Amino acid sequence: MDNSRIVEVSGFTADTSQDTLEMYFESKKWSGGGAIERVDRTSPECMNILYENSEDAQNVLSRQNHVLMGQTLIVKKGKMGDNGKRECEDEGGGENSSIEVYGHHKKLSIDVLEMYFESKKRSGDRKSVV
């Protein structure tokens, strides 16, 4: 499979329809894209697009900013998984990943928050808290 035709898209919410996403990424005007051969929505917030030709995929990747329905989309090169399907990479825990915690008791210490987010049982084993 020619990975140069695959684009991975995330950053949209689960309630964003696949039709809306496909129309956006087929549009030369809006995304730089073109004819799509196949779309795999690998999770509610991630999908891979296989374009009919690599030029359309490269045009989409070269655009600086993709915004759809007020959501800034994350667009990057996709790749074929070991099982023959295009799979999204895990977005969690990267250097630029962050969350905002609010609504907690004012006396809650940063140490307790750090322990919570480092706990496999509680938070899914995120490696560091800043």
# chains A, B, ... in the order shown; residues from 1 in each chain; ligands from 1

call {"tool": "residues_around", "arguments": {"residues": "A:Cys46", "least_positions_apart": "6", "cutoff": "9 Å", "atoms": "only C-alpha atoms", "output": "list in words"}}
result
Glu8, Val9, Ser10, Gly11, Phe12, Thr13, Ala14, Asp40, Glu87 and Cys88 of chain A

call {"tool": "residues_around", "arguments": {"residues": "A:Leu68", "least_positions_apart": "2", "cutoff": "9 Å", "atoms": "only C-alpha atoms", "output": "list in words"}}
result
Phe12, Thr20, Leu21, Tyr24, His66, Gly70, Gln71, Thr72 and Leu73 of chain A

call {"tool": "closest_residue", "arguments": {"among": "A:Gly78, A:Gly34, A:Gly103, A:Pro44", "to": "A:Asp56", "atoms": "only C-alpha atoms"}}
result
A:Gly34
